2 protein chains.
Amino acid sequence: MSKAKLGDVAKHAGVSPTTVSRALNNRGYMSDKTKERINKAMQELNYFPNEVARSLHGGKTNLVGLLFPNVTNPFYGEIVTEIENALGQRGYKSLLCNTYNNPKQEEQYLNMLLANQVDGIIVGSRTKPSNVYQKANLAVVAIDRIISAKVPIVRSDNYAGACLATQYLIDQKFKRIALFTGSSKEEIEKGDLRVEGYIDTTKKHNLPQTICHIDFEQEDMYQKQRVLQFLTQNPKTDAIFATGDVLAGIVQGCTQDLGLKIAIVGYDGSKVFQNLCTNISTIRQPIEDMAKLAVDLTLDAIAGNFQKENKEFVLPVSLIKRSI
Amino acid sequence: MSKAKLGDVAKHAGVSPTTVSRALNNRGYMSDKTKERINKAMQELNYFPNEVARSLHGGKTNLVGLLFPNVTNPFYGEIVTEIENALGQRGYKSLLCNTYNNPKQEEQYLNMLLANQVDGIIVGSRTKPSNVYQKANLAVVAIDRIISAKVPIVRSDNYAGACLATQYLIDQKFKRIALFTGSSKEEIEKGDLRVEGYIDTTKKHNLPQTICHIDFEQEDMYQKQRVLQFLTQNPKTDAIFATGDVLAGIVQGCTQDLGLKIAIVGYDGSKVFQNLCTNISTIRQPIEDMAKLAVDLTLDAIAGNFQKENKEFVLPVSLIKRSI
DNA sequence: CATCATATGTCAAACGATTGACACATAATT
DNA sequence: AATTATGTGTCAATCGTTTGACATATGATG
């Protein structure tokens with residue numbers, strides 16, 4: 001027995017297909033009696049409307065693409081979860097795309113999403129913006145990333161967060177505070193607010209700046225190697241600000257391996273991180289708020305509501321203090 | 001300028017729509033010359049076929065639903081990432097659904113997925129199986145969960161893993177090994193291999209069994225409260241096996257708060273956990289293998305390949321030793 | 001020269017629903 | 001009695017693509 005379709009329901013209920021459609025979409029007049037009869041028929045035939053057909057006709061899929069590096073990182077896991085949640089509550093479905101920060105991969109996914117007629121896209125991956133974004137006349141919202149003048153950005157206050165983290169370490173009288181970041185030198189030159197916050201704050205207190213770049217695309221072991229190397233080459237380091245919690249965790253593992261006692265502050269503050277690393281301070285991004293705002297903006301744009309140019313939504317961060 | 005469609009490409013290339021379709025689907029004969037002309041036209045018009053229309057016609061969406069509690073837990077985050085990855089490589093798209101282990105929510109999602117004509121579903125959430133699974137004539141694969149006799153299961157060797165964890169603690173001469181689990185008493189009575197492994201192994205060595213149930217649906221603070229309460233009420237506890245890494249992390253935080261030094265072994269062994277908690281031993285599930293196998297089974301089932309009844313695929317685990 | 005493979009075209013049906021136009025009831029309201 | 005609101009039906013077009021049937025034309029092959 002194959003899937004029941006609208007016509008089958010009509011026959012079974014003894015009404016016309018149009019009437020069934022009217023019942024489904026609450027259009028025109030309809031007596032309670034026939035409405036019930038149709039509902040009964042739908043139940044008996046286990047009928048549900050084919051959303052693909054609906055989408056084709058209506059030109060709307062209620063689908064939103066989620067472009068993120070991947071969801072193993074608890075920050076992305078949490079924000080994707082909250083986004084999916086907010087979308088689901090408003091009748092939208094989430095197409096998950098792990099770009100691994102690979103521009104080629106991202107472009108492929110982007111084309112796939114367009115071909116699948118998604119109504120909107122929320123981008124959290126950190127590659128160079130593809131020109132496909134321009135082509136598409138689509139609702140796009142970026143998480144902490146510049147795509148184009150037309151794409152609104154939702155992010156936490158990276159600069160203030162970095163200042164907060166650095167200042168916190170300075171307040172504890174640390175003098176040689178190193179920065180660990182996933183950004184390369186080239187990326188930093190283009191502007192990286194977390195790095196700038198660190199630099200400005202250390203400079204203000206006449207403290208030295210030392211930056212260690214970690215390439216996230218490399219293997220875990222390689223990353224650790226890199227951290228260990230840095231720590232042995234910079235033995236006077238007494239505190240570290242890591243621009244991401246996963247990195248902070250890796251760094252902490254290395255300091256422990258070396259028997260060092262170095263204060264660490266991370267960035268992100270996902271719930272899982274807070275539970276797993278109870279001894280690393282961190283800057284908490286308001287992940288849930290960011291997710292909800294991103295979804296609101298996306299759905300507004302889908303609804304065709306006015307979208308201001310170059311709009312940035314910067315949400316406040318907070319410091320979560322933990323003792324080693 | 002709205003989206004180009006197949007007919008537009010045909011006009012622009014000076015051929016018939018059928019020819020364009022033939023070019024797209026590599027059917028029939030076609031000279032290289034017209035093929036090129038068509039490709040050029042597609043590029044110039046920025047054309048890509050509407051997958052919704054294709055799906056409607058072909059009765060195939062290349063869509064797979066992913067039903068998981070959520071992706072904040074690194075284990076789920078990692079397995080979902082790997083699944084999405086494997087699916088993407090084989091031309092399938094992932095529809096992410098966070099059930100939060102809520103049966104009602106799961107059922108709603110299930111109906112949504114059916115309405116959207118997904119070709120298959122991979123279920124990792126841990127609710128009671130909905131009867132919608134029976135109704136659907138669909139490719140379904142479960143991760144570590146019994147759904148029905150027809151649904152194949154991919155899981156790690158929970159029993160062996162639990163024995164391994166417990167034995168490891170016993171080998172270290174611990175005598176009062178407590179079990180922390182997210183399962184309720186009722187769930188355990190229905191069968192929980194991780195719990196059974198713990199019980200059998202402790203019994204074999206004439207050690208006592210002490211089980212603490214933590215309700216994951218509760219707030220983090222409540223969970224901590226519960227752990228602290230247990231630890232103060234059972235002060236002689238010298239080791240703990242937690243049936244999940246996130247739980248293990250929470251437990252470790254509590255032991256630190258209480259100034260206790262208790263050995264902990266977790267379960268899951270996601271990469272992120274290994275990086276963040278460098279001092280908690282754990283049982284590593286072969287997450288990538290599980291994901292790939294689940295995808296293989298799903299795609300096999302979609303292809304209509306023979307699916308044996310009641311098939312369970314149990315993959316081996318390993319112990320990752322860490323010192324406190 | 002007959003035959004066949006190649007290359008393209010025309011046409012229409014199909015996928016499963018939605019929607020607008022219109023007709024025809026019946027019942028309630030002036 | 002005339003008008004209006006309500007309830008339902010028929011019919012056909014539409015969404016964008018695929019596909020099968022069939023026609024036609026060219027060049028190559030036997």
# chains A, B, ... in the order shown; residues from 1 in each chain; ligands from 1
call {"tool": "residues_around", "arguments": {"residues": "stretch 78-82 of chain B", "least_positions_apart": "5", "cutoff": "12 Å", "atoms": "only C-alpha atoms (C1' of nucleotides)", "output": "PyMOL selection string"}}
result
(chain A and resi 68-74+76-77+80-81+96-100) or (chain B and resi 64-73+87-89+94-98+122-125+143-144+154-155+268-273+285-295)
call {"tool": "write_last_selection", "arguments": {"atoms": "C-alpha atoms", "output": "PDB file, in the first residue's frame"}}
result
ATOM      1  CA  PHE A  68      29.091  25.939  10.073  1.00  0.00           C
ATOM      2  CA  PRO A  69      32.622  24.522  10.264  1.00  0.00           C
ATOM      3  CA  ASN A  70      31.271  21.515  12.131  1.00  0.00           C
ATOM      4  CA  VAL A  71      29.384  20.786  15.315  1.00  0.00           C
ATOM      5  CA  THR A  72      32.094  19.002  17.265  1.00  0.00           C
ATOM      6  CA  ASN A  73      33.165  22.300  18.777  1.00  0.00           C
ATOM      7  CA  PRO A  74      30.767  22.833  21.703  1.00  0.00           C
ATOM      8  CA  TYR A  76      29.032  25.565  17.330  1.00  0.00           C
ATOM      9  CA  GLY A  77      27.160  22.604  18.734  1.00  0.00           C
ATOM     10  CA  VAL A  80      23.414  25.194  16.036  1.00  0.00           C
ATOM     11  CA  THR A  81      21.203  23.471  18.573  1.00  0.00           C
ATOM     12  CA  LEU A  96      23.021  21.124   8.282  1.00  0.00           C
ATOM     13  CA  CYS A  97      26.214  21.746   6.307  1.00  0.00           C
ATOM     14  CA  ASN A  98      29.672  21.203   7.778  1.00  0.00           C
ATOM     15  CA  THR A  99      32.098  23.291   5.784  1.00  0.00           C
ATOM     16  CA  TYR A 100      35.232  22.516   7.810  1.00  0.00           C
TER      17      TYR A 100
ATOM     18  CA  VAL B  64      18.091  12.070   5.376  1.00  0.00           C
ATOM     19  CA  GLY B  65      16.638  13.064   8.725  1.00  0.00           C
ATOM     20  CA  LEU B  66      18.975  13.086  11.719  1.00  0.00           C
ATOM     21  CA  LEU B  67      17.074  12.634  14.960  1.00  0.00           C
ATOM     22  CA  PHE B  68      19.332  13.287  17.925  1.00  0.00           C
ATOM     23  CA  PRO B  69      18.765  14.698  21.399  1.00  0.00           C
ATOM     24  CA  ASN B  70      20.883  17.721  20.476  1.00  0.00           C
ATOM     25  CA  VAL B  71      24.395  18.447  19.339  1.00  0.00           C
ATOM     26  CA  THR B  72      25.699  20.244  22.401  1.00  0.00           C
ATOM     27  CA  ASN B  73      26.957  16.957  23.779  1.00  0.00           C
ATOM     28  CA  LEU B  87      26.101  11.609   3.670  1.00  0.00           C
ATOM     29  CA  GLY B  88      27.346  14.724   1.906  1.00  0.00           C
ATOM     30  CA  GLN B  89      30.080  12.788   0.161  1.00  0.00           C
ATOM     31  CA  SER B  94      21.087  16.193   6.344  1.00  0.00           C
ATOM     32  CA  LEU B  95      17.972  17.498   7.986  1.00  0.00           C
ATOM     33  CA  LEU B  96      18.887  18.081  11.617  1.00  0.00           C
ATOM     34  CA  CYS B  97      16.270  17.469  14.298  1.00  0.00           C
ATOM     35  CA  ASN B  98      16.950  18.003  17.984  1.00  0.00           C
ATOM     36  CA  ILE B 122      19.130   7.998  11.364  1.00  0.00           C
ATOM     37  CA  VAL B 123      17.905   8.026  14.945  1.00  0.00           C
ATOM     38  CA  GLY B 124      20.113   8.630  17.912  1.00  0.00           C
ATOM     39  CA  SER B 125      17.656   9.994  20.408  1.00  0.00           C
ATOM     40  CA  ILE B 143      22.331   4.499  16.830  1.00  0.00           C
ATOM     41  CA  ASP B 144      22.533   2.568  20.091  1.00  0.00           C
ATOM     42  CA  VAL B 154      24.702   0.515  15.220  1.00  0.00           C
ATOM     43  CA  ARG B 155      26.314   0.752  18.609  1.00  0.00           C
ATOM     44  CA  ASP B 268      32.236   8.185  24.698  1.00  0.00           C
ATOM     45  CA  GLY B 269      35.722   9.548  24.114  1.00  0.00           C
ATOM     46  CA  SER B 270      34.919  12.273  21.626  1.00  0.00           C
ATOM     47  CA  LYS B 271      37.939  14.201  20.413  1.00  0.00           C
ATOM     48  CA  VAL B 272      36.755  17.368  22.090  1.00  0.00           C
ATOM     49  CA  PHE B 273      36.394  15.622  25.405  1.00  0.00           C
ATOM     50  CA  GLN B 285      33.511   4.654  21.013  1.00  0.00           C
ATOM     51  CA  PRO B 286      34.637   4.400  17.399  1.00  0.00           C
ATOM     52  CA  ILE B 287      32.490   7.364  16.476  1.00  0.00           C
ATOM     53  CA  GLU B 288      33.664   7.781  12.913  1.00  0.00           C
ATOM     54  CA  ASP B 289      33.211   4.093  12.154  1.00  0.00           C
ATOM     55  CA  MET B 290      29.770   4.125  13.693  1.00  0.00           C
ATOM     56  CA  ALA B 291      28.776   7.113  11.623  1.00  0.00           C
ATOM     57  CA  LYS B 292      30.061   5.609   8.396  1.00  0.00           C
ATOM     58  CA  LEU B 293      28.398   2.296   9.075  1.00  0.00           C
ATOM     59  CA  ALA B 294      25.098   3.956   9.898  1.00  0.00           C
ATOM     60  CA  VAL B 295      25.273   5.907   6.659  1.00  0.00           C
TER      61      VAL B 295
END
call {"tool": "select_by_dssp", "arguments": {"residues": "stretch 210-317 of chain A", "states": "strand (DSSP E)", "output": "CSV table (one decimal) with C-alpha atoms, in the first residue's frame"}}
result
chain,number,residue,atom,x,y,z
A,210,THR,CA,53.2,37.6,22.5
A,211,ILE,CA,51.0,35.8,20.0
A,212,CYS,CA,50.9,32.1,19.1
A,213,HIS,CA,49.0,31.0,16.0
A,239,ALA,CA,49.0,33.7,31.8
A,240,ILE,CA,47.3,33.0,28.5
A,241,PHE,CA,44.2,34.3,26.8
A,242,ALA,CA,43.0,31.8,24.2
A,263,ALA,CA,46.3,31.0,34.3
A,264,ILE,CA,44.1,30.6,31.3
A,265,VAL,CA,41.1,32.5,30.0
A,266,GLY,CA,39.1,31.1,27.1
A,267,TYR,CA,36.4,32.5,24.9
A,268,ASP,CA,32.9,31.0,24.1
A,281,SER,CA,37.9,31.0,33.2
A,282,THR,CA,36.2,32.1,30.0
A,283,ILE,CA,34.3,34.8,28.2
A,284,ARG,CA,30.8,33.7,27.8
A,312,GLU,CA,25.9,44.6,12.9
A,313,PHE,CA,24.3,43.2,16.0
A,314,VAL,CA,26.8,43.1,18.8
A,315,LEU,CA,25.7,41.3,22.0
call {"tool": "closest_atom_pairs", "arguments": {"of": "stretch 52-124 of chain A", "to": "stretch 1-20 of chain D", "cutoff": "12 Å", "atoms": "only C-alpha atoms (C1' of nucleotides)", "output": "tab-separated table"}}
result
residue	atom	partner	partner_atom	distance
A:Val52	CA	D:DC15	C1'	10.7
A:Ala53	CA	D:DC15	C1'	8.3
A:Arg54	CA	D:DC15	C1'	8.8
A:Ser55	CA	D:DC15	C1'	8.3
A:Leu56	CA	D:DC15	C1'	5.0
A:His57	CA	D:DC15	C1'	4.0
A:Gly58	CA	D:DC15	C1'	7.1
A:Gly59	CA	D:DC15	C1'	7.3
A:Lys60	CA	D:DC15	C1'	10.6
A:Ala115	CA	D:DG16	C1'	11.8
A:Gln117	CA	D:DG16	C1'	11.8
call {"tool": "residues_around", "arguments": {"residues": "A:Thr127", "least_positions_apart": "5", "cutoff": "7 Å", "atoms": "only C-alpha atoms (C1' of nucleotides)", "output": "short mmCIF file (atom, residue, chain, number, x, y, z; two decimals) with N, CA and C atoms, in the first residue's frame"}}
result
data_model
loop_
_atom_site.label_atom_id
_atom_site.label_comp_id
_atom_site.auth_asym_id
_atom_site.auth_seq_id
_atom_site.Cartn_x
_atom_site.Cartn_y
_atom_site.Cartn_z
N ASN A 101 35.45 24.87 7.32
CA ASN A 101 36.16 26.09 6.93
C ASN A 101 36.88 25.96 5.59
N ASN A 102 36.39 25.08 4.78
CA ASN A 102 36.97 24.87 3.46
C ASN A 102 36.16 25.65 2.42
N PRO A 103 36.77 26.67 1.82
CA PRO A 103 36.03 27.55 0.90
C PRO A 103 35.37 26.79 -0.24
#
call {"tool": "interface_residues", "arguments": {"of": "chain C", "to": "chain A", "cutoff": "7 Å", "atoms": "only C-alpha atoms (C1' of nucleotides)", "output": "list in words"}}
result
DG16, DA17 and DT18 of chain C
call {"tool": "closest_residue", "arguments": {"among": "B:Leu138, B:Ala41, B:Ala162, B:Leu299", "to": "chain A", "atoms": "only C-alpha atoms"}}
result
B:Leu138
call {"tool": "atom_distance", "arguments": {"atom1": "atom CA of A:Gly191", "atom2": "atom CA of A:Tyr159"}}
result
10.9 Å
call {"tool": "atom_distance", "arguments": {"atom1": "atom CA of B:Glu187", "atom2": "atom CA of B:Glu107"}}
result
19.9 Å
call {"tool": "select_by_dssp", "arguments": {"residues": "stretch 257-308 of chain B", "states": "alpha helix (DSSP H)", "output": "list in words"}}
result
Asp257, Lys271, Val272, Phe273, Gln274, Asn275, Leu276, Ile287, Glu288, Asp289, Met290, Ala291, Lys292, Leu293, Ala294, Val295, Asp296, Leu297, Thr298, Leu299, Asp300, Ala301 and Ile302 of chain B
call {"tool": "atom_distance", "arguments": {"atom1": "atom CA of B:Asn279", "atom2": "atom CA of A:Ala248"}}
result
15.0 Å
call {"tool": "residues_around", "arguments": {"residues": "A:Tyr92", "least_positions_apart": "5", "cutoff": "9 Å", "atoms": "only C-alpha atoms (C1' of nucleotides)", "output": "short mmCIF file (atom, residue, chain, number, x, y, z; two decimals) with C-alpha atoms, in the first residue's frame"}}
result
data_model
loop_
_atom_site.label_atom_id
_atom_site.label_comp_id
_atom_site.auth_asym_id
_atom_site.auth_seq_id
_atom_site.Cartn_x
_atom_site.Cartn_y
_atom_site.Cartn_z
CA THR A 61 10.42 25.37 1.19
CA ASN A 62 10.58 26.50 4.82
CA LEU A 63 14.11 25.28 4.71
CA VAL A 64 17.10 27.14 6.14
CA GLU A 84 17.57 24.58 15.01
CA ALA A 86 14.25 28.46 17.23
CA LEU A 87 13.71 27.60 13.59
#
call {"tool": "residues_around", "arguments": {"residues": "stretch 150-152 of chain B", "least_positions_apart": "2", "cutoff": "7 Å", "atoms": "only C-alpha atoms (C1' of nucleotides)", "output": "PyMOL selection string"}}
result
chain B and resi 140-142+147-148+154+309-312
call {"tool": "write_last_selection", "arguments": {"atoms": "N, CA and C atoms", "output": "CSV table (one decimal), in the first residue's frame"}}
result
chain,number,residue,atom,x,y,z
B,140,VAL,N,15.4,3.3,7.9
B,140,VAL,CA,15.7,3.8,9.2
B,140,VAL,C,16.8,3.0,9.8
B,141,VAL,N,17.8,3.7,10.4
B,141,VAL,CA,18.9,3.1,11.2
B,141,VAL,C,19.0,3.8,12.5
B,142,ALA,N,19.2,2.9,13.5
B,142,ALA,CA,19.3,3.5,14.9
B,142,ALA,C,20.7,3.5,15.4
B,147,ILE,N,14.5,0.1,18.1
B,147,ILE,CA,13.3,0.7,17.7
B,147,ILE,C,12.2,-0.3,17.3
B,148,SER,N,12.6,-1.2,16.5
B,148,SER,CA,11.8,-2.4,16.2
B,148,SER,C,12.6,-3.4,15.5
B,154,VAL,N,23.3,0.3,15.2
B,154,VAL,CA,24.7,0.5,15.2
B,154,VAL,C,25.0,1.0,16.6
B,309,GLU,N,16.7,-8.9,9.3
B,309,GLU,CA,15.9,-8.6,10.5
B,309,GLU,C,16.8,-8.6,11.7
B,310,ASN,N,16.4,-7.7,12.6
B,310,ASN,CA,17.0,-7.7,13.9
B,310,ASN,C,18.6,-7.7,13.9
B,311,LYS,N,19.1,-6.9,13.0
B,311,LYS,CA,20.5,-7.0,12.9
B,311,LYS,C,21.1,-5.9,13.8
B,312,GLU,N,22.1,-6.3,14.5
B,312,GLU,CA,22.8,-5.4,15.4
B,312,GLU,C,24.3,-5.4,15.0
